[in-house]
Every structure is written in structure tokens, then in C-alpha cells.
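Below is one structure, written out as C-alpha cells; comments come after it.
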Amino acid sequence: MTAIIAGRYLVSSGGFAWLSARRHPHIHVGRGEQIRREIAWSLASAVVYGLPAGIVAWGWQAQGWTLIYDDLHAYPSWYGPVSVLAFLIAHDAWFYWTHRWMHRPTPFRIAHAVHHASRPPTAWAAMSFHPIEALTGAVVIPALVFMIPIHWGALLVVLGIMTLMGVTNHMGWEMFPRRLIDGPIGRWLITASHHQQHHRQYRCNYGLYFRFWDRLCRTDHGLGRFDHDRHAGAGTLSSLGDGHAER
Ligand SMILES: [Zn+2]
Ligand SMILES: [Zn+2]
């Protein structure tokens with residue numbers, strides 16, 4: 001399982017890193033050392049992620065554990081998308097609160113500082129976590145498959161969204177059209193413009209997929225705009241106050 005997770009990371013982060021370098025040629029310049037560090041921590045995280053995932057996958061296949069099902073007709077057709085949404089909402093809530101906790105001084109110093117050592121992060125930082133933080137992330141999906149029934153195909157969709165957003169939220173540019181980001185969808189969904197603001201300001205924008213918890217707890221500091229959205233160049237995020245702040 002660790003090998004699958006490491007392979008998935010190398011393909012997804014590598015693919016988007018390549019795309020990033022093509023779209024914004026300066027984005028990785030002078031950051032070889034940071035990228036090497038991001039890859040090393042991410043591969044270590046793959047080991048941590050692999051353990052609970054491997055145990056649960058074995059239990060599912062060999063012992064009939066979990067609520068994962070393979071009969072498409074076991075639940076009504078509307079249940080498929082609902083189960084995906086339920087997983088994302090539950091994961092998002094877990095991430096928001098553990099992430100906020102990790103910004104307390106001691107857990108930050110011991111664990112979460114590893115993730116924030118990337119300033120700004122690259123696509124390679126998707127799993128760049130200290131093993132303690134990786135463990136808090138590694139248990140979520142393996143725990144949820146015991147609580148929420150889900151078809152294995154829907155579970156693959158969840159894992160696909162998790163991987164895609166984990167990588168693209170760190171890659172240093174916004175892949176979604178500005179119209180979508182600045183519209184009603186962008187008010188509730190988290191993309192790179194939102195998460196990079198977290199990497200810039202630290203004490204805000206803690207969410208993973210949705211802005212719900214950040215808005216409710218008043219930790220949402222709005223979206224930033226990448227400098228190269230306006231002109232080619234550095235992969236930094238411009239400051240607030242450009243009309244894309246708190247809304
Ligand atoms: Zn991050
Ligand atoms: Zn953080």
C-alpha cells in the first residue's frame with residue numbers, strides 16, 4: 001500500500017510540477033533544496049499513510065470488515081454522490097480542527113513546522129508532513145469506511161479528489177478560471193488561491209475542501225491573487241486588499 005501511495009504521489013505531484021514549470025517557467029527556480037525536502041517528507045508520509053490503509057484494505061478483502069460494498073444496486077443511485085460528499089465533508093471537518101490544533105505553539109514546533117517550511121510550497125509539498133501530522137491524516141479515510149457505506153468506485157473518486165486538491169492547492173498558481181473562483185462556487189470551495197493564503201499568513205484559512213468551518217469560525221481571510229496571474233514572474237501571493245480579500 002505504501003508503494004501505491006508513493007507512486008500516486010510521484011505521478012500526481014510530478015505531473016503538476018511539470019505543468020507548473022511549463023506555465024510559469026520561474027516557479028521552481030532556486031528552490032531545488034526545498035523541493036528535495038518536500039519529496040523526502042512526502043515519501044516518509046507515504047509509509048505512514050500506507051500502514052492503516054493496508055490493514056483496512058486487507059480487512060476489507062480478507063475479513064469482510066468495513067462498509068465498502070461492490071454491488072451497485074445495494075443503495076439507490078442518488079446515494080453514490082451523497083456518499084462521496086459525506087466523506088469529503090467529514091474529512092474536511094477533521095482536517096480543519098486538527099489543523100487548527102497543529103497551529104498551537106507546541107504541536108506547530110514539533111510537527112506542523114515541517115509543512116510550513118515550504119514558503120511558498122510547490123506541487124511536491126502535497127504530502128510534506130512530519131510523521132505525527134501524517135498520522136492524523138492517515139487515519140481519516142480508514143476510519144470513515146467503518147462509519148459511512150461507500151461503493152469502492154465512489155471511494156476511488158474520494159481518493160482522486162483528495163489527491164488532486166492536495167497537489168493543486170500547493171502548486172503556486174490557480175488552475176480554475178477566475179470567474180469560478182470569484183463567483184458563488186469559489187465562496188465555498190477551497191482552491192490554491194485560498195490555501196496559499198494559509199501558507200502566507202499562517203493563522204487563517206485552515207480548511208481542506210470547503211470554506212464552511214473557516215467562515216463559521218471567522219478564520220477565513222479570503223482569497224489571494226498570485227503575482228503571475230497579473231504578470232509573469234515569481235510564484236508568490238500578492239497581499240490582501242486587492243479586492244479579493246474577506247467577503
Ligand atoms: Zn498546505
Ligand atoms: Zn498550517
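Each chain of the C-alpha cells is named A, B, ... in the order shown, its residues numbered from 1; ligands are numbered from 1 in display order.
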| said: Residues near stretch 209-221 of chain A, anyone? I mean within 6 Å using only C-alpha atoms, not counting same-chain ones fewer than 2 positions away, as a VMD selection string. | reply: chain A and resid 92 188 to 190 204 to 205 246
| field | Within 7 Å of ligand 1, counting only C-alpha atoms and all ligand atoms, residues as an MDAnalysis selection string | value | chainID A and resid 115 170 195 199
The selected residues should be written to file as a PDB file, in the first residue's frame (atoms: C-alpha atoms).
```pdb
ATOM      1  CA  HIS A 115       4.738  21.615   6.212  1.00  0.00           C
ATOM      2  CA  HIS A 170       0.095  23.834  -3.203  1.00  0.00           C
ATOM      3  CA  HIS A 195      -4.796  27.603   0.704  1.00  0.00           C
ATOM      4  CA  HIS A 199       0.845  29.374   3.842  1.00  0.00           C
TER       5      HIS A 199
END
```
Contacts to ligand 2 at 7 Å cut-off (only C-alpha atoms and all ligand atoms) as an mmCIF file with N, CA and C atoms, in the first residue's frame:
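In the end it all went to selection23.cif:
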```
data_model
loop_
_atom_site.group_PDB
_atom_site.id
_atom_site.type_symbol
_atom_site.label_atom_id
_atom_site.label_comp_id
_atom_site.auth_asym_id
_atom_site.auth_seq_id
_atom_site.Cartn_x
_atom_site.Cartn_y
_atom_site.Cartn_z
ATOM 1 N N HIS A 99 -5.951 20.662 12.062
ATOM 2 C CA HIS A 99 -5.034 21.659 11.511
ATOM 3 C C HIS A 99 -4.945 22.875 12.444
ATOM 4 N N HIS A 103 -1.656 24.359 14.863
ATOM 5 C CA HIS A 103 -1.079 25.704 14.866
ATOM 6 C C HIS A 103 -0.899 26.227 16.281
ATOM 7 N N HIS A 112 4.018 20.537 12.747
ATOM 8 C CA HIS A 112 3.447 21.217 11.584
ATOM 9 C C HIS A 112 4.433 22.177 10.898
ATOM 10 N N HIS A 116 5.088 23.933 6.871
ATOM 11 C CA HIS A 116 5.204 25.367 6.614
ATOM 12 C C HIS A 116 6.623 25.798 6.277
ATOM 13 N N HIS A 198 -3.158 30.593 3.429
ATOM 14 C CA HIS A 198 -2.811 29.967 4.709
ATOM 15 C C HIS A 198 -1.295 29.880 4.846
ATOM 16 N N HIS A 199 -0.620 29.491 3.784
ATOM 17 C CA HIS A 199 0.845 29.374 3.842
ATOM 18 C C HIS A 199 1.512 30.734 3.989
ATOM 19 N N TYR A 202 -0.476 32.037 7.887
ATOM 20 C CA TYR A 202 -0.473 31.043 8.973
ATOM 21 C C TYR A 202 -1.778 30.920 9.755
ATOM 22 N N TYR A 206 -7.808 27.488 7.365
ATOM 23 C CA TYR A 206 -7.339 26.168 7.789
ATOM 24 C C TYR A 206 -7.999 25.007 7.041
#
```
| request: Have a look at A:His28, A:Arg104, A:Arg203, A:Arg23 and name the one nearest to A:Pro121; count only C-alpha atoms. | output: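 Result for the nearest residue to A:Pro121: A:His28.
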| request: Considering only C-alpha atoms, return as a PyMOL selection string whatever protein or nucleic-acid residues lie within 9 Å of A:Val145, sequence-local ones (same chain, fewer than 4 positions apart) excluded. | output: chain A and resi 56+66-68+87+140-141+149-150+155
Please save N, CA and C atoms of the selected residues as a compact mmCIF listing (two decimals), in the first residue's frame.
```
# COMPACT_ATOMS: atom_id res chain seq x y z
N VAL A 56 -6.60 -1.88 6.71
CA VAL A 56 -8.04 -1.82 6.43
C VAL A 56 -8.35 -2.49 5.08
N THR A 66 -15.33 -3.36 7.23
CA THR A 66 -15.69 -2.09 6.57
C THR A 66 -17.09 -2.13 5.93
N LEU A 67 -17.57 -0.94 5.58
CA LEU A 67 -18.87 -0.81 4.93
C LEU A 67 -18.71 -0.56 3.43
N ILE A 68 -17.52 -0.90 2.90
CA ILE A 68 -17.30 -0.76 1.45
C ILE A 68 -18.09 -1.86 0.75
N PHE A 87 -18.10 11.81 2.70
CA PHE A 87 -16.68 11.59 3.01
C PHE A 87 -15.90 12.90 2.98
N VAL A 140 -7.99 9.03 8.70
CA VAL A 140 -9.33 9.54 8.39
C VAL A 140 -10.13 8.59 7.50
N ILE A 141 -9.64 8.35 6.29
CA ILE A 141 -10.39 7.52 5.34
C ILE A 141 -10.54 6.08 5.88
N PRO A 149 -21.29 3.82 4.61
CA PRO A 149 -21.24 2.87 3.49
C PRO A 149 -20.82 3.57 2.20
N ILE A 150 -19.95 2.95 1.45
CA ILE A 150 -19.49 3.57 0.20
C ILE A 150 -19.11 2.48 -0.80
N LEU A 155 -15.32 5.44 -3.56
CA LEU A 155 -14.15 5.65 -2.71
C LEU A 155 -12.95 6.09 -3.56
```
| field | Which of stretch 13-163 of chain A DSSP labels alpha helix (DSSP H), written as a count of residues only | value | 94
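Separating atom CA of A:Tyr75 from atom CA of A:Gly153 is a distance of 13.4 Å.
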| task | Provide the atom CA of A:Gln201 to atom CA of A:Ile39 distance in Å, to one decimal place. | result |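 Interatomic distance here is 23.5 Å.
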| query | What separation in Å, quoted to one decimal, exists between atom CA of A:Leu156 and atom CA of A:Gly14? | reply |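 Separating atom CA of A:Leu156 from atom CA of A:Gly14 is a distance of 20.1 Å.
Taking only C-alpha atoms into account, A:Ala44 lies nearest to A:Leu135 out of the set A:Leu135, A:Ile185, A:Leu223, A:Val158.
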Which residues come within 9 Å of A:Met175, counting only C-alpha atoms, excluding same-chain residues fewer than 4 positions away, as an mmCIF file with C-alpha atoms, in the first residue's frame?
```cif
data_model
loop_
_atom_site.group_PDB
_atom_site.id
_atom_site.type_symbol
_atom_site.label_atom_id
_atom_site.label_comp_id
_atom_site.auth_asym_id
_atom_site.auth_seq_id
_atom_site.Cartn_x
_atom_site.Cartn_y
_atom_site.Cartn_z
ATOM 1 C CA THR A 168 -3.041 21.675 -6.873
ATOM 2 C CA THR A 191 -8.573 26.040 -4.199
ATOM 3 C CA ALA A 192 -4.957 27.219 -4.454
#
```
| request: Mind checking which residues fall within 10 Å of A:Leu10, counting only C-alpha atoms, ignoring those fewer than 5 positions away in the same chain, and posting them as a VMD selection string? | output: chain A and resid 4 to 5 15 to 17 39 42 to 43 124
| field | Of the listed residues A:Gly160, A:Gly224, A:Gly50, A:Gly166, that which approaches A:Gly207 most closely, counting only C-alpha atoms | value |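 Checking each of A:Gly160, A:Gly224, A:Gly50, A:Gly166 against A:Gly207, counting only C-alpha atoms, the winner is A:Gly166.
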| said: Going by DSSP on the backbone, which residues of stretch 85-237 of chain A come out as strand (DSSP E or B)? List them as a PyMOL selection string. | reply: chain A and resi 150-151+189+210+226+237
Keeping only C-alpha atoms, write the selected residues as a short mmCIF file (atom, residue, chain, number, x, y, z; two decimals), in the first residue's frame.
```cif
data_model
loop_
_atom_site.label_atom_id
_atom_site.label_comp_id
_atom_site.auth_asym_id
_atom_site.auth_seq_id
_atom_site.Cartn_x
_atom_site.Cartn_y
_atom_site.Cartn_z
CA ILE A 150 -19.49 3.57 0.20
CA HIS A 151 -19.07 1.79 -3.13
CA LEU A 189 -14.78 25.69 -2.25
CA PHE A 210 -14.79 23.74 1.89
CA PHE A 226 -0.91 35.08 -7.43
CA LEU A 237 0.94 35.55 -3.50
#
```
| Polymer residues at most 9 Å from A:Arg37, only C-alpha atoms, same-chain spacing of 4 or more positions, as a list of chain:residue names |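 Contacts, with the query itself left out: A:Gly32, A:Glu33, A:Trp41, A:Ser42, A:Ser118, A:Ala125, A:Ser128.
Nearest to A:Leu159 of all the residues A:Trp65, A:Gly222, A:Thr136, A:Val84 is A:Val84, counting only C-alpha atoms.
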